[in-house]
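Participant: File upload28.pdb follows (PDB, C-alpha atoms and all ligand atoms):
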ATOM      1  CA  MET L   1     -74.087   3.824 -78.129  1.00  0.00           C
ATOM      2  CA  ALA L   2     -73.021   6.085 -75.265  1.00  0.00           C
ATOM      3  CA  SER L   3     -76.368   5.703 -73.575  1.00  0.00           C
ATOM      4  CA  LEU L   4     -76.169   1.913 -73.896  1.00  0.00           C
ATOM      5  CA  SER L   5     -72.733   1.750 -72.303  1.00  0.00           C
ATOM      6  CA  ASP L   6     -73.411   4.297 -69.599  1.00  0.00           C
ATOM      7  CA  PRO L   7     -75.855   2.680 -67.218  1.00  0.00           C
ATOM      8  CA  THR L   8     -77.275   5.013 -64.625  1.00  0.00           C
ATOM      9  CA  PRO L   9     -76.997   3.707 -61.051  1.00  0.00           C
ATOM     10  CA  SER L  10     -80.757   3.379 -60.761  1.00  0.00           C
ATOM     11  CA  ARG L  11     -81.037   1.009 -63.695  1.00  0.00           C
ATOM     12  CA  SER L  12     -80.473  -2.678 -62.991  1.00  0.00           C
ATOM     13  CA  VAL L  13     -78.185  -4.701 -65.205  1.00  0.00           C
ATOM     14  CA  SER L  14     -81.197  -6.890 -65.951  1.00  0.00           C
ATOM     15  CA  ASP L  15     -83.131  -3.898 -67.329  1.00  0.00           C
ATOM     16  CA  GLN L  16     -80.047  -2.840 -69.269  1.00  0.00           C
ATOM     17  CA  VAL L  17     -79.721  -6.261 -70.912  1.00  0.00           C
ATOM     18  CA  GLU L  18     -83.460  -6.336 -71.713  1.00  0.00           C
ATOM     19  CA  GLU L  19     -83.045  -2.976 -73.426  1.00  0.00           C
ATOM     20  CA  LEU L  20     -80.027  -4.197 -75.414  1.00  0.00           C
ATOM     21  CA  LEU L  21     -81.936  -7.285 -76.555  1.00  0.00           C
ATOM     22  CA  ALA L  22     -84.941  -5.229 -77.647  1.00  0.00           C
ATOM     23  CA  HIS L  23     -83.015  -4.256 -80.779  1.00  0.00           C
ATOM     24  CA  GLU L  24     -82.641  -6.603 -83.730  1.00  0.00           C
ATOM     25  CA  GLY L  25     -79.281  -7.813 -84.955  1.00  0.00           C
ATOM     26  CA  PRO L  26     -75.798  -7.797 -83.467  1.00  0.00           C
ATOM     27  CA  LEU L  27     -75.256  -5.782 -80.281  1.00  0.00           C
ATOM     28  CA  PRO L  28     -73.269  -2.536 -80.623  1.00  0.00           C
ATOM     29  CA  ILE L  29     -69.649  -3.118 -79.608  1.00  0.00           C
ATOM     30  CA  VAL L  30     -68.112  -0.579 -77.248  1.00  0.00           C
ATOM     31  CA  ALA L  31     -64.760   0.868 -78.377  1.00  0.00           C
ATOM     32  CA  ALA L  32     -61.666   1.719 -76.327  1.00  0.00           C
ATOM     33  CA  GLY L  33     -62.147   4.991 -74.503  1.00  0.00           C
ATOM     34  CA  ASP L  34     -65.398   3.920 -72.876  1.00  0.00           C
ATOM     35  CA  PRO L  35     -64.890   3.569 -69.094  1.00  0.00           C
ATOM     36  CA  VAL L  36     -66.902   0.324 -69.013  1.00  0.00           C
ATOM     37  CA  LEU L  37     -63.871  -1.359 -70.625  1.00  0.00           C
ATOM     38  CA  ARG L  38     -61.664  -0.131 -67.768  1.00  0.00           C
ATOM     39  CA  ARG L  39     -63.759  -1.319 -64.834  1.00  0.00           C
ATOM     40  CA  VAL L  40     -63.269  -4.527 -62.916  1.00  0.00           C
ATOM     41  CA  ALA L  41     -66.536  -6.186 -63.875  1.00  0.00           C
ATOM     42  CA  GLU L  42     -69.056  -7.375 -61.274  1.00  0.00           C
ATOM     43  CA  PRO L  43     -69.074 -11.110 -60.511  1.00  0.00           C
ATOM     44  CA  PHE L  44     -72.131 -12.813 -61.973  1.00  0.00           C
ATOM     45  CA  ASP L  45     -74.358 -14.017 -59.158  1.00  0.00           C
ATOM     46  CA  GLY L  46     -77.750 -14.325 -60.794  1.00  0.00           C
ATOM     47  CA  GLN L  47     -78.352 -10.688 -61.797  1.00  0.00           C
ATOM     48  CA  LEU L  48     -79.936 -12.112 -64.973  1.00  0.00           C
ATOM     49  CA  ASP L  49     -82.529 -14.852 -64.560  1.00  0.00           C
ATOM     50  CA  PRO L  50     -81.811 -18.087 -66.485  1.00  0.00           C
ATOM     51  CA  GLY L  51     -84.031 -17.134 -69.436  1.00  0.00           C
ATOM     52  CA  LEU L  52     -82.499 -13.689 -69.807  1.00  0.00           C
ATOM     53  CA  LEU L  53     -78.996 -15.090 -69.363  1.00  0.00           C
ATOM     54  CA  ALA L  54     -79.644 -17.582 -72.182  1.00  0.00           C
ATOM     55  CA  ARG L  55     -80.921 -14.807 -74.481  1.00  0.00           C
ATOM     56  CA  PHE L  56     -77.966 -12.563 -73.613  1.00  0.00           C
ATOM     57  CA  VAL L  57     -75.486 -15.387 -74.274  1.00  0.00           C
ATOM     58  CA  ALA L  58     -77.138 -16.060 -77.648  1.00  0.00           C
ATOM     59  CA  ALA L  59     -76.860 -12.354 -78.526  1.00  0.00           C
ATOM     60  CA  LEU L  60     -73.196 -12.262 -77.480  1.00  0.00           C
ATOM     61  CA  ARG L  61     -72.530 -15.306 -79.641  1.00  0.00           C
ATOM     62  CA  ALA L  62     -74.325 -13.819 -82.652  1.00  0.00           C
ATOM     63  CA  THR L  63     -72.452 -10.534 -82.176  1.00  0.00           C
ATOM     64  CA  MET L  64     -69.113 -12.391 -81.975  1.00  0.00           C
ATOM     65  CA  HIS L  65     -69.924 -14.282 -85.185  1.00  0.00           C
ATOM     66  CA  ALA L  66     -71.035 -11.145 -87.013  1.00  0.00           C
ATOM     67  CA  ALA L  67     -67.936  -9.137 -86.071  1.00  0.00           C
ATOM     68  CA  PRO L  68     -66.297 -11.659 -86.730  1.00  0.00           C
ATOM     69  CA  GLY L  69     -64.259 -12.548 -83.655  1.00  0.00           C
ATOM     70  CA  VAL L  70     -63.241 -15.511 -81.512  1.00  0.00           C
ATOM     71  CA  GLY L  71     -64.274 -14.044 -78.167  1.00  0.00           C
ATOM     72  CA  LEU L  72     -66.505 -11.344 -76.703  1.00  0.00           C
ATOM     73  CA  ALA L  73     -66.770 -10.159 -73.112  1.00  0.00           C
ATOM     74  CA  ALA L  74     -69.911  -8.584 -71.633  1.00  0.00           C
ATOM     75  CA  PRO L  75     -68.203  -5.198 -70.988  1.00  0.00           C
ATOM     76  CA  GLN L  76     -67.600  -4.999 -74.750  1.00  0.00           C
ATOM     77  CA  VAL L  77     -71.335  -4.537 -75.178  1.00  0.00           C
ATOM     78  CA  GLY L  78     -71.441  -2.179 -72.196  1.00  0.00           C
ATOM     79  CA  VAL L  79     -72.580  -4.750 -69.617  1.00  0.00           C
ATOM     80  CA  ASP L  80     -70.663  -4.764 -66.350  1.00  0.00           C
ATOM     81  CA  LEU L  81     -70.674  -8.511 -65.614  1.00  0.00           C
ATOM     82  CA  ARG L  82     -67.936 -11.161 -65.478  1.00  0.00           C
ATOM     83  CA  LEU L  83     -69.237 -13.057 -68.462  1.00  0.00           C
ATOM     84  CA  ALA L  84     -67.681 -13.856 -71.848  1.00  0.00           C
ATOM     85  CA  VAL L  85     -68.199 -16.136 -74.818  1.00  0.00           C
ATOM     86  CA  VAL L  86     -65.448 -17.784 -76.858  1.00  0.00           C
ATOM     87  CA  GLU L  87     -65.463 -19.888 -80.024  1.00  0.00           C
ATOM     88  CA  ASP L  88     -62.801 -20.440 -82.646  1.00  0.00           C
ATOM     89  CA  PRO L  89     -63.358 -22.772 -85.578  1.00  0.00           C
ATOM     90  CA  ALA L  90     -59.711 -21.993 -86.459  1.00  0.00           C
ATOM     91  CA  PRO L  91     -59.987 -21.950 -90.253  1.00  0.00           C
ATOM     92  CA  VAL L  92     -56.250 -21.453 -90.759  1.00  0.00           C
ATOM     93  CA  PRO L  93     -53.533 -23.103 -92.865  1.00  0.00           C
ATOM     94  CA  GLU L  94     -51.619 -25.986 -91.318  1.00  0.00           C
ATOM     95  CA  GLU L  95     -48.410 -23.955 -90.852  1.00  0.00           C
ATOM     96  CA  VAL L  96     -50.330 -21.301 -88.893  1.00  0.00           C
ATOM     97  CA  ARG L  97     -51.989 -23.997 -86.807  1.00  0.00           C
ATOM     98  CA  ARG L  98     -48.618 -25.468 -85.948  1.00  0.00           C
ATOM     99  CA  ALA L  99     -46.816 -22.179 -85.246  1.00  0.00           C
ATOM    100  CA  ARG L 100     -49.570 -20.653 -83.093  1.00  0.00           C
ATOM    101  CA  GLY L 101     -51.226 -23.737 -81.685  1.00  0.00           C
ATOM    102  CA  ARG L 102     -54.423 -22.436 -83.239  1.00  0.00           C
ATOM    103  CA  VAL L 103     -56.647 -25.438 -82.803  1.00  0.00           C
ATOM    104  CA  PRO L 104     -60.444 -25.284 -82.781  1.00  0.00           C
ATOM    105  CA  LEU L 105     -62.045 -24.045 -79.561  1.00  0.00           C
ATOM    106  CA  PRO L 106     -65.696 -25.109 -79.334  1.00  0.00           C
ATOM    107  CA  PHE L 107     -68.256 -22.513 -78.269  1.00  0.00           C
ATOM    108  CA  ARG L 108     -68.408 -21.954 -74.564  1.00  0.00           C
ATOM    109  CA  VAL L 109     -69.610 -19.468 -71.997  1.00  0.00           C
ATOM    110  CA  LEU L 110     -67.209 -18.307 -69.296  1.00  0.00           C
ATOM    111  CA  VAL L 111     -68.900 -17.135 -66.093  1.00  0.00           C
ATOM    112  CA  ASN L 112     -66.616 -15.561 -63.467  1.00  0.00           C
ATOM    113  CA  PRO L 113     -63.477 -16.893 -65.203  1.00  0.00           C
ATOM    114  CA  ALA L 114     -59.958 -16.677 -63.826  1.00  0.00           C
ATOM    115  CA  TYR L 115     -56.656 -18.045 -65.066  1.00  0.00           C
ATOM    116  CA  GLU L 116     -53.212 -18.711 -63.733  1.00  0.00           C
ATOM    117  CA  PRO L 117     -50.032 -19.602 -65.633  1.00  0.00           C
ATOM    118  CA  VAL L 118     -48.869 -23.198 -65.892  1.00  0.00           C
ATOM    119  CA  GLY L 119     -45.093 -23.149 -66.190  1.00  0.00           C
ATOM    120  CA  ARG L 120     -43.091 -20.150 -67.316  1.00  0.00           C
ATOM    121  CA  ALA L 121     -43.236 -20.411 -71.111  1.00  0.00           C
ATOM    122  CA  ARG L 122     -44.493 -17.388 -73.016  1.00  0.00           C
ATOM    123  CA  ALA L 123     -45.775 -17.123 -76.558  1.00  0.00           C
ATOM    124  CA  ALA L 124     -45.810 -13.865 -78.538  1.00  0.00           C
ATOM    125  CA  PHE L 125     -48.123 -13.321 -81.496  1.00  0.00           C
ATOM    126  CA  TYR L 126     -50.137 -10.584 -83.150  1.00  0.00           C
ATOM    127  CA  GLU L 127     -53.641 -10.234 -81.797  1.00  0.00           C
ATOM    128  CA  GLY L 128     -56.477  -7.768 -82.141  1.00  0.00           C
ATOM    129  CA  CYS L 129     -59.615  -6.762 -80.280  1.00  0.00           C
ATOM    130  CA  LEU L 130     -63.116  -5.929 -81.470  1.00  0.00           C
ATOM    131  CA  SER L 131     -62.998  -2.898 -79.149  1.00  0.00           C
ATOM    132  CA  VAL L 132     -59.801  -1.601 -80.797  1.00  0.00           C
ATOM    133  CA  PRO L 133     -60.807  -1.909 -84.452  1.00  0.00           C
ATOM    134  CA  GLY L 134     -58.283  -1.470 -87.226  1.00  0.00           C
ATOM    135  CA  TRP L 135     -55.146  -2.380 -85.270  1.00  0.00           C
ATOM    136  CA  GLN L 136     -53.148  -5.367 -84.111  1.00  0.00           C
ATOM    137  CA  ALA L 137     -50.106  -5.710 -81.894  1.00  0.00           C
ATOM    138  CA  VAL L 138     -47.895  -8.451 -80.530  1.00  0.00           C
ATOM    139  CA  VAL L 139     -48.663  -9.647 -77.005  1.00  0.00           C
ATOM    140  CA  ALA L 140     -46.453 -12.055 -75.090  1.00  0.00           C
ATOM    141  CA  ARG L 141     -48.788 -14.245 -73.042  1.00  0.00           C
ATOM    142  CA  HIS L 142     -48.569 -17.360 -70.915  1.00  0.00           C
ATOM    143  CA  ALA L 143     -48.213 -20.306 -73.290  1.00  0.00           C
ATOM    144  CA  GLU L 144     -50.268 -22.499 -70.958  1.00  0.00           C
ATOM    145  CA  VAL L 145     -52.873 -21.539 -68.382  1.00  0.00           C
ATOM    146  CA  ARG L 146     -55.221 -23.187 -65.943  1.00  0.00           C
ATOM    147  CA  LEU L 147     -58.732 -21.828 -66.476  1.00  0.00           C
ATOM    148  CA  THR L 148     -61.276 -21.892 -63.669  1.00  0.00           C
ATOM    149  CA  ALA L 149     -64.794 -20.653 -64.296  1.00  0.00           C
ATOM    150  CA  PHE L 150     -68.422 -21.714 -64.355  1.00  0.00           C
ATOM    151  CA  ASP L 151     -70.460 -22.443 -67.432  1.00  0.00           C
ATOM    152  CA  GLU L 152     -73.864 -20.870 -68.121  1.00  0.00           C
ATOM    153  CA  HIS L 153     -75.554 -23.647 -66.128  1.00  0.00           C
ATOM    154  CA  GLY L 154     -73.419 -23.035 -63.053  1.00  0.00           C
ATOM    155  CA  ARG L 155     -71.211 -26.091 -63.560  1.00  0.00           C
ATOM    156  CA  PRO L 156     -67.582 -25.582 -62.571  1.00  0.00           C
ATOM    157  CA  VAL L 157     -64.885 -25.514 -65.255  1.00  0.00           C
ATOM    158  CA  ASP L 158     -61.276 -26.335 -64.385  1.00  0.00           C
ATOM    159  CA  GLU L 159     -58.925 -27.137 -67.234  1.00  0.00           C
ATOM    160  CA  VAL L 160     -55.527 -26.500 -68.700  1.00  0.00           C
ATOM    161  CA  LEU L 161     -55.321 -24.784 -72.088  1.00  0.00           C
ATOM    162  CA  THR L 162     -52.422 -24.171 -74.450  1.00  0.00           C
ATOM    163  CA  GLY L 163     -51.907 -22.462 -77.796  1.00  0.00           C
ATOM    164  CA  TRP L 164     -54.548 -20.150 -79.224  1.00  0.00           C
ATOM    165  CA  PRO L 165     -57.326 -21.259 -76.843  1.00  0.00           C
ATOM    166  CA  ALA L 166     -55.057 -20.196 -73.940  1.00  0.00           C
ATOM    167  CA  ARG L 167     -54.537 -16.811 -75.625  1.00  0.00           C
ATOM    168  CA  ILE L 168     -58.263 -16.281 -76.215  1.00  0.00           C
ATOM    169  CA  VAL L 169     -59.147 -17.097 -72.615  1.00  0.00           C
ATOM    170  CA  GLN L 170     -56.470 -14.722 -71.285  1.00  0.00           C
ATOM    171  CA  HIS L 171     -57.638 -11.926 -73.602  1.00  0.00           C
ATOM    172  CA  GLU L 172     -61.314 -12.287 -72.613  1.00  0.00           C
ATOM    173  CA  THR L 173     -60.650 -12.701 -68.888  1.00  0.00           C
ATOM    174  CA  ASP L 174     -58.432  -9.603 -68.979  1.00  0.00           C
ATOM    175  CA  HIS L 175     -61.439  -7.663 -70.345  1.00  0.00           C
ATOM    176  CA  LEU L 176     -63.304  -8.534 -67.139  1.00  0.00           C
ATOM    177  CA  ASP L 177     -60.466  -7.001 -65.129  1.00  0.00           C
ATOM    178  CA  GLY L 178     -60.591  -3.738 -67.078  1.00  0.00           C
ATOM    179  CA  MET L 179     -57.572  -4.562 -69.214  1.00  0.00           C
ATOM    180  CA  LEU L 180     -57.113  -4.299 -72.968  1.00  0.00           C
ATOM    181  CA  TYR L 181     -54.493  -6.217 -74.908  1.00  0.00           C
ATOM    182  CA  VAL L 182     -52.717  -2.965 -75.745  1.00  0.00           C
ATOM    183  CA  ASP L 183     -51.854  -2.612 -72.032  1.00  0.00           C
ATOM    184  CA  HIS L 184     -49.272  -5.367 -72.351  1.00  0.00           C
ATOM    185  CA  ALA L 185     -48.551  -5.322 -76.069  1.00  0.00           C
ATOM    186  CA  GLU L 186     -45.178  -4.519 -77.603  1.00  0.00           C
ATOM    187  CA  PRO L 187     -45.748  -0.849 -78.527  1.00  0.00           C
ATOM    188  CA  ARG L 188     -43.412  -0.994 -81.522  1.00  0.00           C
ATOM    189  CA  SER L 189     -45.304  -3.928 -83.000  1.00  0.00           C
ATOM    190  CA  LEU L 190     -48.476  -1.854 -83.509  1.00  0.00           C
ATOM    191  CA  ALA L 191     -49.726  -2.426 -87.052  1.00  0.00           C
ATOM    192  CA  SER L 192     -52.789  -1.289 -88.976  1.00  0.00           C
ATOM    193  CA  SER L 193     -55.047  -3.880 -90.568  1.00  0.00           C
ATOM    194  CA  GLN L 194     -53.630  -2.809 -93.907  1.00  0.00           C
ATOM    195  CA  ALA L 195     -50.011  -3.310 -92.804  1.00  0.00           C
ATOM    196  CA  MET L 196     -50.990  -6.690 -91.339  1.00  0.00           C
ATOM    197  CA  ALA L 197     -52.536  -7.786 -94.615  1.00  0.00           C
ATOM    198  CA  GLU L 198     -49.759  -6.433 -96.805  1.00  0.00           C
ATOM    199  CA  ARG L 199     -46.683  -7.221 -94.727  1.00  0.00           C
ATOM    200  CA  TRP L 200     -47.140  -9.394 -91.652  1.00  0.00           C
ATOM    201  CA  ASN L 201     -49.667 -11.992 -92.655  1.00  0.00           C
ATOM    202  CA  GLU L 202     -47.397 -14.887 -91.673  1.00  0.00           C
ATOM    203  CA  PRO L 203     -47.420 -17.552 -88.964  1.00  0.00           C
ATOM    204  CA  THR L 204     -45.050 -15.815 -86.517  1.00  0.00           C
ATOM    205  CA  PRO L 205     -44.002 -12.201 -85.804  1.00  0.00           C
ATOM    206  CA  VAL L 206     -40.268 -12.974 -86.113  1.00  0.00           C
ATOM    207  CA  ARG L 207     -39.767 -10.925 -89.260  1.00  0.00           C
ATOM    208  CA  ALA L 208     -41.966  -8.085 -87.942  1.00  0.00           C
ATOM    209  CA  ALA L 209     -39.881  -7.993 -84.738  1.00  0.00           C
ATOM    210  CA  ARG L 210     -36.700  -7.465 -86.742  1.00  0.00           C
ATOM    211  CA  ALA L 211     -38.205  -4.912 -89.103  1.00  0.00           C
ATOM    212  CA  LEU L 212     -40.112  -2.871 -86.515  1.00  0.00           C
ATOM    213  CA  GLY L 213     -37.617  -3.231 -83.675  1.00  0.00           C
ATOM    214  CA  PHE L 214     -39.296  -5.058 -80.821  1.00  0.00           C
ATOM    215  CA  ALA L 215     -38.230  -8.029 -78.731  1.00  0.00           C
ATOM    216  CA  LEU L 216     -39.803 -11.481 -78.619  1.00  0.00           C
ATOM    217  CA  PRO L 217     -39.592 -13.758 -75.582  1.00  0.00           C
ATOM    218  CA  GLU L 218     -36.808 -16.369 -75.639  1.00  0.00           C
TER     219      GLU L 218
HETATM  220 ZN    ZN L 301     -60.903  -7.827 -76.894  1.00  0.00          ZN
END
Here is a file; write its structure as structure tokens.
Ligand code: ZN
Facilitator:
Amino acid sequence: MASLSDPTPSRSVSDQVEELLAHEGPLPIVAAGDPVLRRVAEPFDGQLDPGLLARFVAALRATMHAAPGVGLAAPQVGVDLRLAVVEDPAPVPEEVRRARGRVPLPFRVLVNPAYEPVGRARAAFYEGCLSVPGWQAVVARHAEVRLTAFDEHGRPVDEVLTGWPARIVQHETDHLDGMLYVDHAEPRSLASSQAMAERWNEPTPVRAARALGFALPE
């Protein structure tokens, strides 16, 4: 895994992706501590030809499904490009859907994405990351954002997202700026997967905030 996520300067990103795709099955996911997750990723400007880009996107999608997760950024498989995939079928109970705004987000590819807040509202919920396995923490994020990006065919994307789709897009775009969700999480909210399953598997973190001693936005 170290050799996959540690490209030497002489190796092109195209060669690196070809090498990754030479192996069967889901791509290895890079864990926190690898510098590739802390770099500002390179803008995509055709480093992968259309055929290779399509194969890489398919592999990212398969890896996201296998994990399973609702988003995966290229640096999470060791590739230094501003590229991510997102997809959330949102198979959650109605009360969770209402509390978190977790509505289905169809599969999409984000090329060179950026976001900016719309309004000042913030929403705080537990989230996790495939590169920080075994843990979750509460992150207060913009409740509504304007996403600008390109899709995998180079068509511009410009739309306003709320609820869980807004959270997913912020999380994945942050990856491309070398940020992990733990950077702006409530430290006292940190919970193992076991604690999440046993204690905090509920629509909002209100009870966890009281019990663990962290603040939620107004
Ligand atoms: Zn992540």
Participant: Please enumerate the residues selected by the PyMOL selection byres (((chain L and resi 56-68) around 10) and not hetatm) when evaluated against the supplied file, formatted as a ChimeraX atom specification.
Facilitator: /L:17-18,20-21,24-29,48,50-55,69-74,76-77,83-88,107-109,130,152
Participant: For Leu190 in chain L, which residue among L:Pro106, L:Pro75, L:Pro89, L:Gly134 is the nearest when counting all atoms listed in the file?
Facilitator: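 Checking each candidate against Leu190 in chain L, we get L:Gly134 as the closest.
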Participant: Output as JSON the centre and edge lengths (Å, one decimal) of the box along x, y and z of the file that holds every listed atom of range 25-40 of chain L after adding 8 Å on each side.
Facilitator:
{"center_x": -70.5, "center_y": -1.4, "center_z": -73.9, "size_x": 33.6, "size_y": 28.8, "size_z": 38.0}
Participant: Give me, as a tab-separated table, each residue of chain L that comes within 10 Å of ligand ZN 301 (chain L), together with its shortest interatomic pair and the distance in Å at one decimal, counting all atoms listed in the file, with rows ordered by chain and rising residue number.
Facilitator:
residue	atom	partner	partner_atom	distance
L:Ala31	CA	L:ZN301	ZN	9.6
L:Ala32	CA	L:ZN301	ZN	9.6
L:Leu37	CA	L:ZN301	ZN	9.5
L:Gly69	CA	L:ZN301	ZN	8.9
L:Val70	CA	L:ZN301	ZN	9.3
L:Gly71	CA	L:ZN301	ZN	7.2
L:Leu72	CA	L:ZN301	ZN	6.6
L:Ala73	CA	L:ZN301	ZN	7.4
L:Pro75	CA	L:ZN301	ZN	9.8
L:Gln76	CA	L:ZN301	ZN	7.6
L:Glu127	CA	L:ZN301	ZN	9.1
L:Gly128	CA	L:ZN301	ZN	6.9
L:Cys129	CA	L:ZN301	ZN	3.8
L:Leu130	CA	L:ZN301	ZN	5.4
L:Ser131	CA	L:ZN301	ZN	5.8
L:Val132	CA	L:ZN301	ZN	7.4
L:Pro133	CA	L:ZN301	ZN	9.6
L:Ile168	CA	L:ZN301	ZN	8.9
L:Gln170	CA	L:ZN301	ZN	9.9
L:His171	CA	L:ZN301	ZN	6.2
L:Glu172	CA	L:ZN301	ZN	6.2
L:Thr173	CA	L:ZN301	ZN	9.4
L:Asp174	CA	L:ZN301	ZN	8.5
L:His175	CA	L:ZN301	ZN	6.6
L:Met179	CA	L:ZN301	ZN	9.0
L:Leu180	CA	L:ZN301	ZN	6.5
L:Tyr181	CA	L:ZN301	ZN	6.9
L:Val182	CA	L:ZN301	ZN	9.6
Participant: Using all atoms listed in the file, which residue out of L:Val111, L:Ala124, L:Ala166, L:Ala137 lies closest to His153 in chain L?
Facilitator: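 Ranked by minimum distance to His153 in chain L, first place goes to L:Val111.
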Participant: Can you work out the spacing between CA of His23 in chain L and CA of Val79 in chain L in Å, to one decimal?
Facilitator: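 We find that CA of His23 in chain L and CA of Val79 in chain L lie 15.3 Å from each other.
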Participant: Between L:Arg82, L:Arg11, L:Arg97, L:Arg122, single out the one closest to Glu42 in chain L, counting all atoms listed in the file.
Facilitator: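 Ranking L:Arg82, L:Arg11, L:Arg97, L:Arg122 by distance to Glu42 in chain L, first place goes to L:Arg82.
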Participant: Please measure the separation of CA of Ala208 in chain L and CA of Gly119 in chain L, giving the value in Å to one decimal.
Facilitator: 26.6 Å
Participant: Which one of L:Val96, L:Leu110, L:Val206, L:Val138 sits closest to Asp151 in chain L if you count all atoms listed in the file?
Facilitator: L:Leu110
Participant: Distance CA of Glu186 in chain L-CA of Trp164 in chain L, one decimal place?
Facilitator: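 Taking CA of Glu186 in chain L as the start and CA of Trp164 in chain L as the end point, the length is 18.3 Å.
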Participant: Given only C-alpha atoms as the basis, pick out the residue of L:Glu198, L:Val160, L:Ala41, L:Asp49 nearest to Asp15 in chain L.
Facilitator: L:Asp49
